[in-house]
$ cat work-v3.txt   # compact mmCIF, C-alpha atoms
# COMPACT_ATOMS: atom_id res chain seq x y z
CA MET T 1 41.79 65.16 -16.23
CA ALA T 2 41.90 68.97 -16.53
CA ARG T 3 44.82 70.90 -15.09
CA ALA T 4 42.63 72.50 -12.40
CA ASP T 5 41.30 69.09 -11.34
CA LYS T 6 44.85 67.74 -11.04
CA ALA T 7 45.80 70.71 -8.88
CA ILE T 8 42.82 70.05 -6.60
CA GLU T 9 43.71 66.37 -6.31
CA LEU T 10 47.31 67.24 -5.41
CA ALA T 11 46.12 69.78 -2.85
CA GLU T 12 43.91 67.17 -1.21
CA GLU T 13 46.81 64.73 -0.99
CA GLN T 14 49.05 67.38 0.57
CA GLU T 15 46.38 68.53 3.02
CA LEU T 16 45.68 64.98 4.21
CA SER T 17 49.29 63.81 4.28
CA GLY T 18 49.33 64.03 8.06
CA VAL T 19 46.12 62.00 8.49
CA ILE T 20 46.43 58.31 9.36
CA LYS T 21 45.33 56.52 6.21
CA SER T 22 43.24 53.88 7.97
CA ALA T 23 41.30 56.52 9.92
CA LYS T 24 40.69 58.50 6.74
CA ARG T 25 39.39 55.42 4.95
CA VAL T 26 36.97 54.53 7.74
CA LEU T 27 35.38 57.97 7.53
CA GLU T 28 35.36 57.92 3.73
CA LEU T 29 33.62 54.55 3.83
CA PHE T 30 30.83 55.79 6.09
CA ASP T 31 30.43 58.91 3.93
CA PHE T 32 30.12 56.61 0.93
CA PHE T 33 27.45 54.51 2.65
CA ALA T 34 25.57 57.69 3.58
CA GLU T 35 25.50 58.75 -0.05
CA CYS T 36 24.67 55.37 -1.59
CA ARG T 37 22.05 54.48 1.06
CA ARG T 38 22.09 50.78 0.30
CA PRO T 39 24.09 47.70 1.20
CA LEU T 40 27.45 47.60 -0.57
CA ALA T 41 29.68 44.85 -1.87
CA VAL T 42 33.47 44.94 -1.70
CA SER T 43 33.50 45.70 -5.42
CA ASP T 44 31.28 48.77 -4.88
CA VAL T 45 33.77 50.17 -2.38
CA VAL T 46 36.72 49.40 -4.67
CA ARG T 47 35.10 51.23 -7.60
CA GLY T 48 33.54 54.07 -5.63
CA LEU T 49 36.49 54.96 -3.43
CA ASP T 50 39.34 53.68 -5.59
CA TYR T 51 40.73 51.40 -2.87
CA PRO T 52 42.80 48.29 -3.53
CA GLN T 53 40.66 45.14 -3.35
CA SER T 54 42.62 43.76 -0.40
CA SER T 55 42.40 47.00 1.57
CA ALA T 56 38.66 47.39 0.99
CA SER T 57 38.00 43.80 2.03
CA ALA T 58 40.12 44.09 5.19
CA LEU T 59 38.45 47.36 6.19
CA LEU T 60 34.92 45.98 5.76
CA LYS T 61 35.73 42.80 7.69
CA SER T 62 37.33 44.75 10.55
CA LEU T 63 34.36 47.07 10.95
CA THR T 64 32.02 44.07 10.86
CA LYS T 65 33.92 42.43 13.74
CA LEU T 66 33.68 45.69 15.70
CA GLY T 67 29.92 45.85 15.23
CA TYR T 68 29.74 48.86 12.96
CA LEU T 69 28.80 46.88 9.86
CA ASP T 70 26.58 43.87 9.27
CA TYR T 71 27.55 41.30 6.65
CA ASN T 72 25.03 39.16 4.77
CA ARG T 73 26.95 36.09 3.70
CA TYR T 74 24.25 35.09 1.21
CA THR T 75 24.20 38.36 -0.72
CA ARG T 76 27.81 39.24 0.22
CA LEU T 77 26.73 42.76 1.06
CA TYR T 78 27.71 45.04 3.96
CA MET T 79 25.40 47.48 5.74
CA PRO T 80 26.04 49.93 8.64
CA THR T 81 24.42 48.97 11.94
CA LEU T 82 22.53 51.28 14.30
CA ARG T 83 25.74 51.68 16.27
CA VAL T 84 26.92 54.09 13.56
CA ALA T 85 23.78 56.20 13.92
CA LEU T 86 24.59 56.85 17.58
CA PHE T 87 27.89 58.61 16.83
CA GLY T 88 26.94 62.17 16.07
CA GLY T 89 23.27 62.37 16.86
CA TRP T 90 23.90 64.37 20.02
CA VAL T 91 25.75 67.05 18.05
CA SER T 92 22.98 67.63 15.51
CA ASP T 93 20.33 67.48 18.24
CA GLU T 94 22.22 70.14 20.21
CA VAL T 95 22.63 72.44 17.23
CA TYR T 96 19.46 71.87 15.22
CA THR T 97 16.30 70.77 16.95
CA LEU T 98 13.89 72.11 14.34
CA ALA T 99 15.15 70.10 11.40
CA ASN T 100 17.54 67.33 10.61
CA LEU T 101 20.39 68.45 8.36
CA SER T 102 20.47 65.24 6.36
CA HIS T 103 16.72 65.38 5.76
CA MET T 104 16.97 69.04 4.81
CA ILE T 105 19.65 68.32 2.21
CA ASP T 106 17.65 65.40 0.80
CA GLU T 107 14.58 67.62 0.50
CA LEU T 108 16.57 70.39 -1.15
CA HIS T 109 17.98 67.86 -3.62
CA ARG T 110 14.45 66.68 -4.43
CA ARG T 111 12.91 70.13 -4.74
CA SER T 112 15.77 71.39 -6.92
CA GLY T 113 15.03 68.70 -9.47
CA GLY T 114 17.83 66.35 -8.45
CA LYS T 115 20.69 68.84 -8.56
CA THR T 116 23.84 68.37 -6.48
CA VAL T 117 23.51 69.81 -2.97
CA MET T 118 26.67 70.49 -0.92
CA LEU T 119 27.15 71.35 2.73
CA GLY T 120 30.64 72.71 3.32
CA MET T 121 32.80 74.12 6.08
CA LYS T 122 36.20 75.82 6.09
CA ASN T 123 39.18 73.50 6.53
CA ASP T 124 42.29 75.69 6.67
CA ILE T 125 42.68 77.17 3.15
CA TYR T 126 40.07 74.87 1.61
CA VAL T 127 36.34 74.26 1.82
CA GLN T 128 35.48 70.68 2.75
CA TYR T 129 32.20 69.11 1.68
CA ILE T 130 31.01 67.37 4.83
CA HIS T 131 27.70 66.17 3.39
CA MET T 132 26.27 66.10 -0.08
CA VAL T 133 23.73 64.50 -2.37
CA GLN T 134 24.85 64.38 -5.96
CA SER T 135 22.97 64.64 -9.21
CA PRO T 136 22.62 61.40 -11.20
CA ASN T 137 22.42 63.47 -14.38
CA PRO T 138 25.23 62.51 -16.81
CA GLU T 139 25.46 66.09 -18.13
CA ILE T 140 28.27 66.57 -15.59
CA PRO T 141 30.29 63.33 -15.79
CA TRP T 142 32.22 63.27 -12.53
CA TYR T 143 31.84 62.13 -8.95
CA ILE T 144 32.81 64.25 -5.94
CA LYS T 145 33.90 62.13 -3.00
CA PRO T 146 32.28 63.23 0.29
CA GLY T 147 34.91 64.92 2.43
CA SER T 148 36.64 66.31 -0.66
CA LEU T 149 38.53 69.58 -0.45
CA ARG T 150 37.98 72.40 -2.91
CA PRO T 151 39.69 75.78 -3.32
CA LEU T 152 38.33 78.19 -0.72
CA GLY T 153 38.64 81.17 -3.03
CA ARG T 154 37.13 79.63 -6.15
CA SER T 155 34.12 77.53 -5.11
CA ALA T 156 30.78 79.17 -4.35
CA VAL T 157 30.54 77.50 -0.93
CA GLY T 158 34.11 78.58 -0.16
CA ARG T 159 33.52 82.18 -1.19
CA MET T 160 30.39 82.30 0.94
CA LEU T 161 32.49 81.23 3.93
CA LEU T 162 35.24 83.71 3.05
CA SER T 163 32.69 86.53 3.03
CA ARG T 164 32.33 86.08 6.81
CA LYS T 165 35.97 87.06 7.26
CA THR T 166 37.36 90.57 7.53
CA ASP T 167 39.34 91.95 4.59
CA VAL T 168 42.56 91.54 6.57
CA GLU T 169 41.77 87.89 7.29
CA VAL T 170 40.89 87.32 3.63
CA GLN T 171 44.18 88.83 2.48
CA GLN T 172 46.14 86.61 4.84
CA LEU T 173 44.29 83.52 3.62
CA ALA T 174 44.73 84.55 -0.02
CA TRP T 175 48.50 84.95 0.45
CA ARG T 176 48.69 81.45 1.92
CA ILE T 177 46.54 80.01 -0.88
CA ASN T 178 48.67 81.65 -3.57
CA ALA T 179 51.88 80.54 -1.88
CA GLU T 180 50.78 76.91 -2.13
CA GLU T 181 49.34 77.17 -5.67
CA THR T 182 51.96 75.96 -8.13
CA ASP T 183 49.92 76.99 -11.20
CA ILE T 184 50.29 80.76 -11.54
CA SER T 185 47.11 81.01 -13.65
CA LEU T 186 45.06 79.64 -10.73
CA ARG T 187 46.35 82.09 -8.13
CA LEU T 188 43.85 84.53 -6.65
CA ASN T 189 43.77 88.20 -7.52
CA VAL T 190 43.31 89.60 -4.02
CA HIS T 191 41.82 92.91 -5.20
CA ASP T 192 39.20 91.15 -7.35
CA LEU T 193 38.44 88.67 -4.58
CA LEU T 194 37.78 91.42 -2.03
CA LYS T 195 35.40 93.15 -4.47
CA GLU T 196 33.58 89.86 -5.05
CA LEU T 197 33.24 89.23 -1.31
CA ASP T 198 31.75 92.71 -0.82
CA LEU T 199 29.16 91.82 -3.46
CA ILE T 200 28.42 88.51 -1.71
CA ARG T 201 27.93 90.26 1.64
CA ASN T 202 25.50 92.74 0.07
CA ARG T 203 23.38 90.26 -1.86
CA GLY T 204 23.60 87.36 0.62
CA TYR T 205 24.78 84.63 -1.72
CA ALA T 206 27.77 83.47 -3.76
CA TYR T 207 27.63 82.52 -7.44
CA THR T 208 30.35 80.87 -9.51
CA GLU T 209 30.70 79.42 -12.99
CA GLY T 210 33.52 77.15 -14.13
CA THR T 211 35.83 78.02 -11.25
CA VAL T 212 36.34 74.44 -10.07
CA ASN T 213 35.03 72.43 -13.02
CA ALA T 214 34.68 73.99 -16.47
CA LEU T 215 31.21 72.50 -17.00
CA SER T 216 29.53 73.43 -13.74
CA GLY T 217 28.61 76.30 -11.47
CA ALA T 218 26.95 76.77 -8.11
CA VAL T 219 25.04 79.12 -5.86
CA ALA T 220 25.60 79.12 -2.10
CA MET T 221 24.24 80.72 1.06
CA GLU T 222 25.37 80.68 4.65
CA LEU T 223 23.83 78.07 6.94
CA PRO T 224 23.31 79.84 10.28
CA THR T 225 25.29 78.17 13.06
CA PRO T 226 25.66 78.96 16.76
CA PRO T 227 29.02 80.19 18.11
CA SER T 228 29.84 76.67 19.32
CA GLN T 229 29.99 75.40 15.73
CA PRO T 230 32.17 76.40 12.76
CA PRO T 231 30.55 78.44 9.96
CA MET T 232 28.93 76.37 7.20
CA ALA T 233 27.46 77.13 3.80
CA LEU T 234 24.93 75.32 1.65
CA GLY T 235 25.26 75.18 -2.13
CA ILE T 236 23.44 73.86 -5.18
CA GLY T 237 25.49 72.90 -8.22
CA CYS T 238 24.64 71.91 -11.78
CA ALA T 239 25.64 72.44 -15.40
CA ILE T 240 26.24 76.10 -16.23
CA PRO T 241 23.37 76.52 -18.76
CA THR T 242 20.93 75.04 -16.24
CA LEU T 243 22.30 77.22 -13.46
CA ARG T 244 21.87 80.37 -15.55
CA SER T 245 18.28 79.59 -16.51
CA GLU T 246 17.22 78.52 -13.00
CA ARG T 247 19.32 80.90 -10.92
CA GLU T 248 16.46 82.87 -9.35
CA ASN T 249 14.43 79.77 -8.57
CA LEU T 250 17.41 78.11 -6.89
CA LEU T 251 18.11 81.20 -4.79
CA GLU T 252 14.49 81.34 -3.69
CA LEU T 253 14.64 77.65 -2.80
CA LEU T 254 17.82 78.13 -0.75
CA ASN T 255 16.28 81.09 1.05
CA GLU T 256 13.14 79.17 1.90
CA THR T 257 15.12 76.16 3.07
CA LEU T 258 17.40 78.17 5.35
CA GLN T 259 14.73 80.41 6.89
CA PRO T 260 13.86 78.00 9.76
CA TYR T 261 17.55 77.85 10.72
CA ARG T 262 17.84 81.63 10.71
CA ALA T 263 14.71 81.93 12.83
CA ARG T 264 15.89 79.35 15.33
CA LEU T 265 19.32 80.92 15.71
CA ALA T 266 17.81 84.39 16.17
CA HIS T 267 15.45 83.00 18.82
CA SER T 268 18.25 81.23 20.70
CA GLU T 269 20.43 84.35 20.67
CA GLY T 270 17.51 86.52 21.78
$ encode --input "work-v3.txt" --output "structure tokens"
Amino acid sequence: MARADKAIELAEEQELSGVIKSAKRVLELFDFFAECRRPLAVSDVVRGLDYPQSSASALLKSLTKLGYLDYNRYTRLYMPTLRVALFGGWVSDEVYTLANLSHMIDELHRRSGGKTVMLGMKNDIYVQYIHMVQSPNPEIPWYIKPGSLRPLGRSAVGRMLLSRKTDVEVQQLAWRINAEETDISLRLNVHDLLKELDLIRNRGYAYTEGTVNALSGAVAMELPTPPSQPPMALGIGCAIPTLRSERENLLELLNETLQPYRARLAHSEG
């Protein structure tokens, strides 16, 4: 594992140290189901989420008893029940009545040629991917767990979110980020970051190469949200050569995808 990846993993562990492990695993499990979109065996959960066999089995059995999962004893597979679908539907219906976020991300994934699509929001000094559909292409051999944290100042989605902040707010966040970054080479240059954020504000999108993973890059734009919801950004990631050659097409696709959300928000505020 690269040094930057190790730093990210350590940051995630520190950030989530105050979260009850069982609660975190329940949410990770449902994120994993949402990505896989098929019934899962205990072994799938063990491999996909790196849980101990005993813990994965106990978690699946507990959620089955509570009615959130259904277990087929013949195939030995677990599947979420409709009870899970009732959780957050009222939130998305309240915020987005024109389009379903999950469907939008699926469609963006399809129209981009199967590239990784990430929806992220700010979580303290990190960006957290709250929903994503990942590329099956082996040109980038890694898996990003839904709910993962990434550096706010280095990822495209994170920089897009930072661009909404004032320069004073950015400086304060950058000082905190640098204070917690043990690797001096990964600390942010505040002057360069502020210049980059000005560029993002002017052109309306963020672009990064190799800032989180040496092989990949991403483009990101803001997903319009009402005042009742935290700011979010939508990104498309892929291998750097592909990103360079398809940059303009991906930006056009992001713009087209987000236009209905911009129109709806403008209408609601008007």
$ axis_aligned_box --input "work-v3.txt" --around "range 26-37 of chain T" --padding-each-side "5 Å" --output "JSON"
{"center_x": 29.5, "center_y": 56.7, "center_z": 3.1, "size_x": 24.9, "size_y": 14.4, "size_z": 19.3}
$ residues_around --input "work-v3.txt" --residues "Ser155 in chain T" --least-positions-apart "2" --cutoff "8 Å" --atoms "all atoms listed in the file" --output "PDB file with C-alpha atoms, keeping the file's coordinate frame"
ATOM      1  CA  VAL T 127      36.340  74.260   1.820  1.00  0.00           C
ATOM      2  CA  ARG T 150      37.980  72.400  -2.910  1.00  0.00           C
ATOM      3  CA  PRO T 151      39.690  75.780  -3.320  1.00  0.00           C
ATOM      4  CA  LEU T 152      38.330  78.190  -0.720  1.00  0.00           C
ATOM      5  CA  GLY T 153      38.640  81.170  -3.030  1.00  0.00           C
ATOM      6  CA  VAL T 157      30.540  77.500  -0.930  1.00  0.00           C
ATOM      7  CA  GLY T 158      34.110  78.580  -0.160  1.00  0.00           C
ATOM      8  CA  ARG T 159      33.520  82.180  -1.190  1.00  0.00           C
ATOM      9  CA  THR T 208      30.350  80.870  -9.510  1.00  0.00           C
ATOM     10  CA  THR T 211      35.830  78.020 -11.250  1.00  0.00           C
ATOM     11  CA  VAL T 212      36.340  74.440 -10.070  1.00  0.00           C
ATOM     12  CA  ALA T 218      26.950  76.770  -8.110  1.00  0.00           C
TER      13      ALA T 218
END
$ residues_around --input "work-v3.txt" --residues "Arg203 in chain T" --least-positions-apart "6" --cutoff "12 Å" --atoms "all atoms listed in the file" --output "PyMOL selection string"
chain T and resi 160+163+196-197+219-222+251+255
$ atom_distance --input "work-v3.txt" --atom1 "CA of Leu265 in chain T" --atom2 "CA of Leu27 in chain T"
29.2 Å
$ atom_distance --input "work-v3.txt" --atom1 "CA of Glu209 in chain T" --atom2 "CA of Arg154 in chain T"
9.4 Å
$ residues_around --input "work-v3.txt" --residues "Leu66 in chain T" --least-positions-apart "6" --cutoff "12 Å" --atoms "all atoms listed in the file" --output "ChimeraX atom specification"
/T:59-60,80-81,83-84
$ atom_distance --input "work-v3.txt" --atom1 "CA of Leu215 in chain T" --atom2 "CA of Thr242 in chain T"
10.6 Å
$ closest_residue --input "work-v3.txt" --among "T:Ala58, T:Leu149, T:Gly120, T:Tyr126" --to "Ser22 in chain T" --atoms "all atoms listed in the file"
T:Ala58
$ closest_residue --input "work-v3.txt" --among "T:Val26, T:Leu243, T:Val117, T:Ala233" --to "Ser135 in chain T" --atoms "all atoms listed in the file"
T:Val117
$ closest_residue --input "work-v3.txt" --among "T:Met104, T:Ser62, T:Pro227, T:Phe33" --to "Glu256 in chain T" --atoms "all atoms listed in the file"
T:Met104
$ residues_around --input "work-v3.txt" --residues "Met232 in chain T" --least-positions-apart "4" --cutoff "8 Å" --atoms "only C-alpha atoms" --output "list of chain:residue names"
T:Leu119, T:Gly120, T:Met121, T:Lys122, T:Leu161, T:Glu222, T:Leu223, T:Pro224, T:Thr225
$ closest_residue --input "work-v3.txt" --among "T:Leu194, T:Leu188, T:Met132, T:Leu162" --to "Ala174 in chain T" --atoms "only C-alpha atoms"
T:Leu188
$ closest_residue --input "work-v3.txt" --among "T:Gly113, T:Arg247, T:Val170, T:Leu77" --to "Arg38 in chain T" --atoms "all atoms listed in the file"
T:Leu77
$ residues_around --input "work-v3.txt" --residues "His109 in chain T" --least-positions-apart "3" --cutoff "12 Å" --atoms "only C-alpha atoms" --output "number ranges by chain"
T: 102-106, 112-119, 132-136, 234-238, 250, 253-254, 257
$ closest_residue --input "work-v3.txt" --among "T:Ser245, T:Glu252, T:Gln171, T:Asp31" --to "Ile130 in chain T" --atoms "only C-alpha atoms"
T:Asp31
